[in-house]
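Raw input.cif, mmCIF, C-alpha atoms:
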```cif
data_query
loop_
_atom_site.label_atom_id
_atom_site.label_comp_id
_atom_site.auth_asym_id
_atom_site.auth_seq_id
_atom_site.Cartn_x
_atom_site.Cartn_y
_atom_site.Cartn_z
CA GLN A 1 0.00 0.00 0.00
CA LYS A 2 1.35 3.40 -0.99
CA GLU A 3 1.89 5.75 1.92
CA VAL A 4 -0.03 8.67 0.48
CA GLU A 5 -2.60 8.22 -2.25
CA GLN A 6 -4.44 10.69 -4.43
CA ASN A 7 -6.63 10.33 -7.46
CA SER A 8 -4.40 11.39 -10.34
CA GLY A 9 -7.27 12.98 -12.24
CA PRO A 10 -7.65 15.04 -14.22
CA LEU A 11 -10.48 16.44 -12.20
CA SER A 12 -12.50 18.86 -14.28
CA VAL A 13 -14.88 21.37 -12.75
CA PRO A 14 -16.65 24.37 -14.27
CA GLU A 15 -15.64 27.85 -13.25
CA GLY A 16 -17.37 28.92 -10.05
CA ALA A 17 -17.94 25.38 -8.80
CA ILE A 18 -16.43 23.71 -5.74
CA ALA A 19 -13.45 21.49 -6.44
CA SER A 20 -12.91 18.66 -3.97
CA LEU A 21 -9.52 17.00 -3.78
CA ASN A 22 -8.94 13.96 -1.63
CA CYS A 23 -5.91 12.32 -0.08
CA THR A 24 -5.59 9.17 2.02
CA TYR A 25 -2.58 8.06 4.04
CA SER A 26 -1.55 4.77 5.55
CA ASP A 27 0.50 5.73 8.61
CA ARG A 28 -1.71 6.34 11.65
CA GLY A 29 1.22 8.12 13.30
CA SER A 30 1.01 10.92 10.79
CA GLN A 31 0.86 14.27 12.50
CA SER A 32 0.78 17.06 9.98
CA PHE A 33 -0.80 17.38 6.58
CA PHE A 34 -0.04 19.78 3.78
CA TRP A 35 -1.51 20.83 0.49
CA TYR A 36 0.77 22.18 -2.21
CA ARG A 37 -0.11 23.55 -5.62
CA GLN A 38 2.19 23.06 -8.58
CA TYR A 39 1.63 24.73 -11.90
CA SER A 40 3.04 22.97 -14.92
CA GLY A 41 6.77 23.54 -15.16
CA LYS A 42 6.90 25.40 -11.87
CA SER A 43 7.89 24.59 -8.32
CA PRO A 44 5.42 23.54 -5.61
CA GLU A 45 3.98 26.21 -3.34
CA LEU A 46 2.28 25.64 -0.02
CA ILE A 47 -1.43 26.39 0.08
CA MET A 48 -2.16 25.37 3.63
CA PHE A 49 -1.49 22.84 6.34
CA ILE A 50 -3.64 21.23 9.00
CA TYR A 51 -2.78 19.43 12.24
CA SER A 52 -6.09 18.88 14.01
CA ASN A 53 -9.23 17.02 13.07
CA GLY A 54 -11.88 19.18 11.50
CA ASP A 55 -11.86 22.03 9.03
CA LYS A 56 -9.42 24.83 8.46
CA GLU A 57 -10.36 27.68 6.17
CA ASP A 58 -8.13 30.13 4.35
CA GLY A 59 -9.88 32.31 1.80
CA ARG A 60 -11.40 30.09 -0.88
CA PHE A 61 -9.56 27.04 0.43
CA THR A 62 -10.73 24.67 3.15
CA ALA A 63 -8.70 21.73 4.39
CA GLN A 64 -10.54 18.93 6.13
CA LEU A 65 -8.82 16.31 8.25
CA ASN A 66 -10.25 13.08 9.57
CA LYS A 67 -7.54 11.11 11.37
CA ALA A 68 -9.84 8.22 12.25
CA SER A 69 -10.53 7.62 8.57
CA GLN A 70 -7.03 8.65 7.56
CA TYR A 71 -7.97 11.15 4.95
CA VAL A 72 -7.44 14.81 4.30
CA SER A 73 -9.22 16.82 1.67
CA LEU A 74 -8.96 20.23 0.08
CA LEU A 75 -12.01 22.16 -1.05
CA ILE A 76 -11.65 25.07 -3.43
CA ARG A 77 -14.71 27.30 -3.54
CA ASP A 78 -15.57 29.47 -6.52
CA SER A 79 -12.98 27.69 -8.66
CA GLN A 80 -11.16 29.85 -11.19
CA PRO A 81 -9.27 28.85 -14.34
CA SER A 82 -6.15 30.07 -12.54
CA ASP A 83 -6.65 27.26 -10.02
CA SER A 84 -5.87 24.75 -12.76
CA ALA A 85 -2.77 22.97 -11.51
CA THR A 86 -1.60 19.79 -9.83
CA TYR A 87 -2.37 19.61 -6.13
CA LEU A 88 0.01 17.62 -3.97
CA CYS A 89 -0.86 16.23 -0.58
CA ALA A 90 2.04 15.74 1.85
CA VAL A 91 2.11 13.96 5.18
CA ILE A 92 4.66 13.98 7.95
CA ASN A 93 5.17 11.88 11.06
CA ASN A 94 7.84 11.02 13.59
CA TYR A 95 8.89 14.62 14.04
CA GLY A 96 9.97 15.06 10.48
CA GLN A 97 11.61 11.72 9.91
CA ASN A 98 9.13 10.67 7.29
CA PHE A 99 7.85 13.37 4.94
CA VAL A 100 5.95 11.88 2.03
CA PHE A 101 4.17 13.44 -0.93
CA GLY A 102 1.27 11.91 -2.76
CA PRO A 103 1.35 11.61 -6.57
CA GLY A 104 -0.83 14.69 -7.01
CA THR A 105 -4.23 15.37 -8.54
CA ARG A 106 -4.43 17.42 -11.70
CA LEU A 107 -7.28 19.93 -11.53
CA SER A 108 -8.70 21.62 -14.59
CA VAL A 109 -11.16 24.49 -14.11
CA LEU A 110 -13.10 25.07 -17.28
CA PRO A 111 -14.14 28.64 -18.15
CA ASP V 1 14.78 39.26 -5.10
CA THR V 2 14.94 35.52 -5.50
CA ALA V 3 14.37 33.73 -2.20
CA VAL V 4 15.65 30.29 -3.19
CA SER V 5 17.81 30.08 -6.28
CA GLN V 6 19.29 27.11 -8.08
CA THR V 7 21.89 26.80 -10.78
CA PRO V 8 21.86 25.60 -13.42
CA LYS V 9 18.22 25.62 -14.53
CA TYR V 10 18.90 22.95 -17.14
CA LEU V 11 21.63 20.34 -17.15
CA VAL V 12 22.20 17.87 -19.97
CA THR V 13 25.02 15.40 -19.57
CA GLN V 14 26.25 11.96 -20.49
CA MET V 15 26.00 8.83 -18.41
CA GLY V 16 28.94 8.33 -16.10
CA ASN V 17 29.70 12.02 -15.66
CA ASP V 18 29.82 13.83 -12.32
CA LYS V 19 27.78 17.00 -11.89
CA SER V 20 26.76 19.46 -9.21
CA ILE V 21 23.69 21.58 -8.64
CA LYS V 22 23.96 24.65 -6.46
CA CYS V 23 21.32 26.11 -4.20
CA GLU V 24 21.26 29.32 -2.23
CA GLN V 25 18.59 30.89 -0.05
CA ASN V 26 18.54 34.48 1.17
CA LEU V 27 15.68 34.02 3.64
CA GLY V 28 17.84 33.37 6.66
CA HIS V 29 16.28 29.94 7.08
CA ASP V 30 17.90 27.24 9.16
CA THR V 31 16.77 24.24 7.14
CA MET V 32 17.35 23.36 3.51
CA TYR V 33 16.23 20.39 1.42
CA TRP V 34 16.73 18.58 -1.82
CA TYR V 35 13.81 16.93 -3.61
CA LYS V 36 13.62 14.81 -6.74
CA GLN V 37 10.57 14.90 -9.01
CA ASP V 38 10.59 12.15 -11.61
CA SER V 39 8.80 11.96 -14.93
CA LYS V 40 5.64 10.72 -13.24
CA LYS V 41 5.69 13.87 -11.10
CA PHE V 42 6.38 12.03 -7.85
CA LEU V 43 8.07 14.46 -5.50
CA LYS V 44 10.37 12.77 -3.03
CA ILE V 45 12.53 14.28 -0.34
CA MET V 46 16.19 13.30 -0.62
CA PHE V 47 18.05 15.28 2.01
CA SER V 48 17.48 17.88 4.64
CA TYR V 49 20.04 20.00 6.43
CA ASN V 50 19.45 22.03 9.56
CA ASN V 51 22.22 24.45 10.48
CA LYS V 52 24.64 22.43 8.36
CA GLU V 53 23.70 19.15 10.04
CA LEU V 54 22.07 16.35 8.08
CA ILE V 55 18.74 15.51 9.68
CA ILE V 56 17.10 13.42 6.97
CA ASN V 57 18.89 11.12 4.61
CA GLU V 58 16.35 9.18 2.62
CA THR V 59 17.38 5.99 0.88
CA VAL V 60 19.04 7.54 -2.10
CA PRO V 61 22.11 6.06 -3.77
CA ASN V 62 25.38 7.13 -2.23
CA ARG V 63 26.30 8.60 -5.60
CA PHE V 64 24.32 11.58 -4.36
CA SER V 65 26.10 13.69 -1.80
CA PRO V 66 24.82 16.93 -0.32
CA LYS V 67 27.31 19.58 0.70
CA SER V 68 26.46 22.52 2.92
CA PRO V 69 29.29 25.07 3.25
CA ASP V 70 27.02 27.31 5.34
CA LYS V 71 23.37 27.45 6.24
CA ALA V 72 22.50 29.57 3.19
CA HIS V 73 23.84 27.02 0.73
CA LEU V 74 23.10 23.36 0.06
CA ASN V 75 24.71 21.90 -3.03
CA LEU V 76 24.02 18.50 -4.52
CA HIS V 77 26.80 16.53 -6.11
CA ILE V 78 26.03 13.48 -8.21
CA ASN V 79 28.69 10.97 -9.22
CA SER V 80 28.53 8.50 -12.09
CA LEU V 81 25.25 9.74 -13.46
CA GLU V 82 22.73 7.16 -14.66
CA LEU V 83 19.75 7.40 -16.99
CA GLY V 84 17.38 7.04 -14.03
CA ASP V 85 18.78 10.18 -12.48
CA SER V 86 16.97 12.23 -15.10
CA ALA V 87 14.43 14.30 -13.20
CA VAL V 88 13.73 17.76 -11.89
CA TYR V 89 15.61 18.50 -8.69
CA PHE V 90 14.16 21.09 -6.35
CA CYS V 91 15.92 22.82 -3.53
CA ALA V 92 13.80 24.24 -0.71
CA SER V 93 14.23 25.97 2.61
CA SER V 94 12.24 26.61 5.77
CA GLN V 95 12.88 28.28 9.08
CA GLY V 96 12.11 25.26 11.22
CA TYR V 97 12.16 21.54 10.67
CA VAL V 98 10.41 19.95 7.73
CA GLY V 99 6.67 20.02 8.20
CA THR V 100 6.62 22.62 10.97
CA ASP V 101 7.24 25.67 8.82
CA THR V 102 6.42 26.75 5.31
CA GLN V 103 8.90 25.47 2.78
CA TYR V 104 9.92 27.72 -0.08
CA PHE V 105 10.99 25.93 -3.22
CA GLY V 106 13.53 26.96 -5.76
CA PRO V 107 12.68 26.98 -9.48
CA GLY V 108 14.09 23.52 -10.05
CA THR V 109 16.93 22.08 -12.11
CA ARG V 110 15.94 19.81 -14.97
CA LEU V 111 18.62 17.14 -15.28
CA THR V 112 18.72 15.04 -18.41
CA VAL V 113 21.15 12.14 -18.59
CA LEU V 114 21.81 10.83 -22.09
#
```
Structure translated into structure tokens:
Amino acid sequence: QKEVEQNSGPLSVPEGAIASLNCTYSDRGSQSFFWYRQYSGKSPELIMFIYSNGDKEDGRFTAQLNKASQYVSLLIRDSQPSDSATYLCAVINNYGQNFVFGPGTRLSVLP
Amino acid sequence: DTAVSQTPKYLVTQMGNDKSIKCEQNLGHDTMYWYKQDSKKFLKIMFSYNNKELIINETVPNRFSPKSPDKAHLNLHINSLELGDSAVYFCASSQGYVGTDTQYFGPGTRLTVL
């Protein structure tokens, strides 16, 4: 079983819709969870991170964490064509000794 | 002002050669990293240095050796390059340890081994 899994996509949503990106992880000791965005040919950039169960909102982005079910999701409200990118989920445990990225989900927001 | 810079941006070389990629950050961060992103876009951490001390050394071949002359620089030297080394290599930095602080990535170095 892969440590961090994501649907590779592409996930296509119309402009203005909510995009929902999901990530599951295998290590129950995982402590911190991160969402990165990577535009084609560019470097990853951190969108947000979450440590505690529940929701965390930042502008149009909401991260949701459910440690019991071992999944973390990212919701993007009012999706824009500029949100079209690959979204990488990353998970860390053991105080930084195991930092793993998922394969990424490619999101396409259609105008 | 570039926060994390890498040189070169592109590197094309023959199998068996030795090459280096340089990374510099002007953010005053204590921790620097090297990542490899292969053709399938998997991003994998290779090394992490905190105040010039290695704190993560993932299972990468020992042909790869990080060198940190000071906390603003983390260079990656690769010996005896192989075809499978072709990838994009990203340098990154953060103030604290990996996962506890925002990481800032460099623009990447696309390495092609022929």
Against chain V, which residues of chain A fall within 12 Å? For each one I want the closest pair of atoms and the distance in Å (one decimal), counting all atoms listed in the file, rows by chain and increasing residue number, as JSON lines.
```
{"residue": "A:Val4", "atom": "CA", "partner": "V:Phe42", "partner_atom": "CA", "distance": 11.0}
{"residue": "A:Glu5", "atom": "CA", "partner": "V:Phe42", "partner_atom": "CA", "distance": 11.2}
{"residue": "A:Gln6", "atom": "CA", "partner": "V:Phe42", "partner_atom": "CA", "distance": 11.4}
{"residue": "A:Ser8", "atom": "CA", "partner": "V:Lys41", "partner_atom": "CA", "distance": 10.4}
{"residue": "A:Ser30", "atom": "CA", "partner": "V:Gly99", "partner_atom": "CA", "distance": 11.0}
{"residue": "A:Gln31", "atom": "CA", "partner": "V:Gly99", "partner_atom": "CA", "distance": 9.2}
{"residue": "A:Ser32", "atom": "CA", "partner": "V:Gly99", "partner_atom": "CA", "distance": 6.8}
{"residue": "A:Phe33", "atom": "CA", "partner": "V:Gly99", "partner_atom": "CA", "distance": 8.1}
{"residue": "A:Phe34", "atom": "CA", "partner": "V:Gly99", "partner_atom": "CA", "distance": 8.0}
{"residue": "A:Trp35", "atom": "CA", "partner": "V:Thr102", "partner_atom": "CA", "distance": 11.0}
{"residue": "A:Tyr36", "atom": "CA", "partner": "V:Gln103", "partner_atom": "CA", "distance": 10.1}
{"residue": "A:Arg37", "atom": "CA", "partner": "V:Phe105", "partner_atom": "CA", "distance": 11.6}
{"residue": "A:Gln38", "atom": "CA", "partner": "V:Lys41", "partner_atom": "CA", "distance": 10.2}
{"residue": "A:Tyr39", "atom": "CA", "partner": "V:Pro107", "partner_atom": "CA", "distance": 11.5}
{"residue": "A:Ser40", "atom": "CA", "partner": "V:Lys41", "partner_atom": "CA", "distance": 10.2}
{"residue": "A:Gly41", "atom": "CA", "partner": "V:Pro107", "partner_atom": "CA", "distance": 8.9}
{"residue": "A:Lys42", "atom": "CA", "partner": "V:Pro107", "partner_atom": "CA", "distance": 6.5}
{"residue": "A:Ser43", "atom": "CA", "partner": "V:Pro107", "partner_atom": "CA", "distance": 5.5}
{"residue": "A:Pro44", "atom": "CA", "partner": "V:Phe105", "partner_atom": "CA", "distance": 6.5}
{"residue": "A:Glu45", "atom": "CA", "partner": "V:Tyr104", "partner_atom": "CA", "distance": 6.9}
{"residue": "A:Leu46", "atom": "CA", "partner": "V:Thr102", "partner_atom": "CA", "distance": 6.8}
{"residue": "A:Ile47", "atom": "CA", "partner": "V:Thr102", "partner_atom": "CA", "distance": 9.4}
{"residue": "A:Met48", "atom": "CA", "partner": "V:Thr102", "partner_atom": "CA", "distance": 8.9}
{"residue": "A:Phe49", "atom": "CA", "partner": "V:Gly99", "partner_atom": "CA", "distance": 8.8}
{"residue": "A:Ile50", "atom": "CA", "partner": "V:Gly99", "partner_atom": "CA", "distance": 10.4}
{"residue": "A:Tyr51", "atom": "CA", "partner": "V:Thr100", "partner_atom": "CA", "distance": 10.0}
{"residue": "A:Thr86", "atom": "CA", "partner": "V:Lys41", "partner_atom": "CA", "distance": 9.5}
{"residue": "A:Tyr87", "atom": "CA", "partner": "V:Lys41", "partner_atom": "CA", "distance": 11.1}
{"residue": "A:Leu88", "atom": "CA", "partner": "V:Leu43", "partner_atom": "CA", "distance": 8.8}
{"residue": "A:Cys89", "atom": "CA", "partner": "V:Leu43", "partner_atom": "CA", "distance": 10.3}
{"residue": "A:Ala90", "atom": "CA", "partner": "V:Gly99", "partner_atom": "CA", "distance": 8.9}
{"residue": "A:Val91", "atom": "CA", "partner": "V:Gly99", "partner_atom": "CA", "distance": 8.2}
{"residue": "A:Ile92", "atom": "CA", "partner": "V:Gly99", "partner_atom": "CA", "distance": 6.4}
{"residue": "A:Asn93", "atom": "CA", "partner": "V:Gly99", "partner_atom": "CA", "distance": 8.8}
{"residue": "A:Asn94", "atom": "CA", "partner": "V:Gly99", "partner_atom": "CA", "distance": 10.6}
{"residue": "A:Tyr95", "atom": "CA", "partner": "V:Gly99", "partner_atom": "CA", "distance": 8.3}
{"residue": "A:Gly96", "atom": "CA", "partner": "V:Val98", "partner_atom": "CA", "distance": 5.6}
{"residue": "A:Gln97", "atom": "CA", "partner": "V:Ile56", "partner_atom": "CA", "distance": 6.5}
{"residue": "A:Asn98", "atom": "CA", "partner": "V:Ile56", "partner_atom": "CA", "distance": 8.4}
{"residue": "A:Phe99", "atom": "CA", "partner": "V:Ile45", "partner_atom": "CA", "distance": 7.1}
{"residue": "A:Val100", "atom": "CA", "partner": "V:Lys44", "partner_atom": "CA", "distance": 6.8}
{"residue": "A:Phe101", "atom": "CA", "partner": "V:Leu43", "partner_atom": "CA", "distance": 6.1}
{"residue": "A:Gly102", "atom": "CA", "partner": "V:Phe42", "partner_atom": "CA", "distance": 7.2}
{"residue": "A:Pro103", "atom": "CA", "partner": "V:Phe42", "partner_atom": "CA", "distance": 5.2}
{"residue": "A:Gly104", "atom": "CA", "partner": "V:Phe42", "partner_atom": "CA", "distance": 7.7}
{"residue": "A:Thr105", "atom": "CA", "partner": "V:Lys41", "partner_atom": "CA", "distance": 10.4}
{"residue": "A:Arg106", "atom": "CA", "partner": "V:Lys41", "partner_atom": "CA", "distance": 10.7}
```
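Across the model, the gap from atom CA of V:Ser68 to atom CA of V:Val113 is 24.5 Å.
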Worksheet item: Quick one: of A:Leu110, A:Arg77, A:Asn53, A:Gln70, who's nearest to A:Ile18, counting only C-alpha atoms?
Response: A:Arg77
Response to the item:
Between atom CA of A:Leu74 and atom CA of A:Arg28 lies a distance of 19.5 Å
Worksheet entry | Test item: the PyMOL selection byres ((chain A and resi 64) around 10) resolved as an NGL selection string | :A and (22 or 33 or 49-57 or 61-63 or 65-67 or 71-75)
Exactly which residues make up the result of the PyMOL selection byres ((chain V and resi 29) around 10) on this file, given as a compact mmCIF listing (two decimals) with C-alpha atoms, in the frame of the given file?
```txt
# COMPACT_ATOMS: atom_id res chain seq x y z
CA GLN V 25 18.59 30.89 -0.05
CA ASN V 26 18.54 34.48 1.17
CA LEU V 27 15.68 34.02 3.64
CA GLY V 28 17.84 33.37 6.66
CA ASP V 30 17.90 27.24 9.16
CA THR V 31 16.77 24.24 7.14
CA MET V 32 17.35 23.36 3.51
CA ASN V 50 19.45 22.03 9.56
CA ASN V 51 22.22 24.45 10.48
CA LYS V 71 23.37 27.45 6.24
CA ALA V 72 22.50 29.57 3.19
CA ALA V 92 13.80 24.24 -0.71
CA SER V 93 14.23 25.97 2.61
CA SER V 94 12.24 26.61 5.77
CA GLN V 95 12.88 28.28 9.08
CA GLY V 96 12.11 25.26 11.22
CA GLN V 103 8.90 25.47 2.78
CA TYR V 104 9.92 27.72 -0.08
```
Item to complete: Find the residues around A:Ser69 up to 10 Å (all atoms listed in the file counted), leave out those fewer than 5 positions away in its own chain, and share them as an MDAnalysis selection string.
Response: chainID A and resid 24:26 28
Item to complete: Find, counting only C-alpha atoms, the residue in V:Val60, V:Ala3, V:Met46, V:Leu111 that gets nearest to V:Ser20.
Response: V:Leu111
Discussion item. Here's the selection I'm unsure about, the PyMOL selection byres ((chain V and resi 76) around 12); applied to the file above, which residues does it give, as number ranges by chain?
Written reply: V: 6-8, 18-24, 32-36, 46-49, 62-69, 73-75, 77-79, 89-91, 109
Output of the above residues as a PDB file, in the frame of the given file, restricted to C-alpha atoms:
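And here's again.pdb as it stands now:
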```pdb
ATOM      1  CA  GLN V   6      19.290  27.110  -8.080  1.00  0.00           C
ATOM      2  CA  THR V   7      21.890  26.800 -10.780  1.00  0.00           C
ATOM      3  CA  PRO V   8      21.860  25.600 -13.420  1.00  0.00           C
ATOM      4  CA  ASP V  18      29.820  13.830 -12.320  1.00  0.00           C
ATOM      5  CA  LYS V  19      27.780  17.000 -11.890  1.00  0.00           C
ATOM      6  CA  SER V  20      26.760  19.460  -9.210  1.00  0.00           C
ATOM      7  CA  ILE V  21      23.690  21.580  -8.640  1.00  0.00           C
ATOM      8  CA  LYS V  22      23.960  24.650  -6.460  1.00  0.00           C
ATOM      9  CA  CYS V  23      21.320  26.110  -4.200  1.00  0.00           C
ATOM     10  CA  GLU V  24      21.260  29.320  -2.230  1.00  0.00           C
ATOM     11  CA  MET V  32      17.350  23.360   3.510  1.00  0.00           C
ATOM     12  CA  TYR V  33      16.230  20.390   1.420  1.00  0.00           C
ATOM     13  CA  TRP V  34      16.730  18.580  -1.820  1.00  0.00           C
ATOM     14  CA  TYR V  35      13.810  16.930  -3.610  1.00  0.00           C
ATOM     15  CA  LYS V  36      13.620  14.810  -6.740  1.00  0.00           C
ATOM     16  CA  MET V  46      16.190  13.300  -0.620  1.00  0.00           C
ATOM     17  CA  PHE V  47      18.050  15.280   2.010  1.00  0.00           C
ATOM     18  CA  SER V  48      17.480  17.880   4.640  1.00  0.00           C
ATOM     19  CA  TYR V  49      20.040  20.000   6.430  1.00  0.00           C
ATOM     20  CA  ASN V  62      25.380   7.130  -2.230  1.00  0.00           C
ATOM     21  CA  ARG V  63      26.300   8.600  -5.600  1.00  0.00           C
ATOM     22  CA  PHE V  64      24.320  11.580  -4.360  1.00  0.00           C
ATOM     23  CA  SER V  65      26.100  13.690  -1.800  1.00  0.00           C
ATOM     24  CA  PRO V  66      24.820  16.930  -0.320  1.00  0.00           C
ATOM     25  CA  LYS V  67      27.310  19.580   0.700  1.00  0.00           C
ATOM     26  CA  SER V  68      26.460  22.520   2.920  1.00  0.00           C
ATOM     27  CA  PRO V  69      29.290  25.070   3.250  1.00  0.00           C
ATOM     28  CA  HIS V  73      23.840  27.020   0.730  1.00  0.00           C
ATOM     29  CA  LEU V  74      23.100  23.360   0.060  1.00  0.00           C
ATOM     30  CA  ASN V  75      24.710  21.900  -3.030  1.00  0.00           C
ATOM     31  CA  HIS V  77      26.800  16.530  -6.110  1.00  0.00           C
ATOM     32  CA  ILE V  78      26.030  13.480  -8.210  1.00  0.00           C
ATOM     33  CA  ASN V  79      28.690  10.970  -9.220  1.00  0.00           C
ATOM     34  CA  TYR V  89      15.610  18.500  -8.690  1.00  0.00           C
ATOM     35  CA  PHE V  90      14.160  21.090  -6.350  1.00  0.00           C
ATOM     36  CA  CYS V  91      15.920  22.820  -3.530  1.00  0.00           C
ATOM     37  CA  THR V 109      16.930  22.080 -12.110  1.00  0.00           C
TER      38      THR V 109
END
```
Worksheet item: In Å to one decimal, how far is atom CA of A:Val109 from atom CA of A:Ser82?
Response: 7.7 Å
